[in-house]
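Please read the structure below before turning to the comments.
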Amino acid sequence: MDICQIPVDVILGNPIKPRFNVYDIREKCEKPPLCYDLSNADKLLNTASVQEELGVTGKKWVECAKDVHLALLLDWMTDLSTKVTGILAKGIDVLGYYGDKDFICNWRGGEAWTNAVEWPGQDSFKNAPYKNWTVNGVAAG
């Protein structure tokens, strides 16, 4: 077991039925283990026409595939900032999606790398005024 996993388990409780929503610590986990009802996404991603469009005909979409998780364990600390720099240099927008109420995703780390990565628009990005993102008039980010 990873030494960092021990305190996470103490805070979170049972990962199959967490004490709180790991994506928004202000919320209860209504639908363990992912805390959200993703059945509509499951239906959509298992629709033949969608799978054909995505080039994955004959595959079955699942929310959390253990074999995929295990295959990616050695990749989770890979520095991809140079890839992002290349994408940004081509003028393609990139979204770094983190929440300051998120327990699972390291939003401070995300903030740090987005401010540190070098690209042609970096200065205007760093000097842009901070704006709240709202959805239907409610702060969402």
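Every chain in the structure tokens takes a letter, A first, then B, and so on in the order presented; its residues are numbered from 1, and the ligands are numbered from 1 following the presented order.
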Cut-off 10 Å: closest range 25-135 of chain A/range 4-16 of chain A atom pairs per residue, using only C-alpha atoms, as CSV:
```
residue,atom,partner,partner_atom,distance
A:Pro32,CA,A:Ile16,CA,6.3
A:Pro33,CA,A:Ile16,CA,4.9
A:Leu34,CA,A:Ile16,CA,8.4
A:Cys35,CA,A:Ile16,CA,9.9
A:Phe103,CA,A:Leu12,CA,9.1
A:Ile104,CA,A:Val8,CA,9.5
```
Hey, what's within 12 Å of Val50 in chain A if we count only C-alpha atoms and toss same-chain stuff fewer than 5 positions away? As JSON, numbers by chain, please?
{"A": [41, 42, 43, 44, 45, 55, 56, 57, 58, 59, 60, 61]}
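CA of Tyr36 in chain A is positioned 11.0 Å from CA of Asp24 in chain A.
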Every residue of range 78-125 of chain A that DSSP places in alpha helix (DSSP H), as a PyMOL selection string
chain A and resi 81-89+107-116+122-125
Could you tell me how far CA of Asn40 in chain A sits from CA of Ile25 in chain A, in Å to one decimal place?
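Taking CA of Ile25 in chain A and CA of Asn40 in chain A, their separation equals 23.5 Å.
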Just how far from CA of Asp37 in chain A is CA of Thr134 in chain A, in Å to one decimal?
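Between these atoms lies a distance of 22.5 Å.
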Between A:Leu38, A:Thr85, A:Ala139, A:Trp119, which is the closest to Cys64 in chain A once you count only C-alpha atoms?
A:Leu38
Val117 in chain A environment, 8 Å, only C-alpha atoms, sequence neighbours closer than 5 positions dropped, as a list in words
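The residues satisfying every condition are Ser81, Thr82, Thr85 and Gln122 of chain A.
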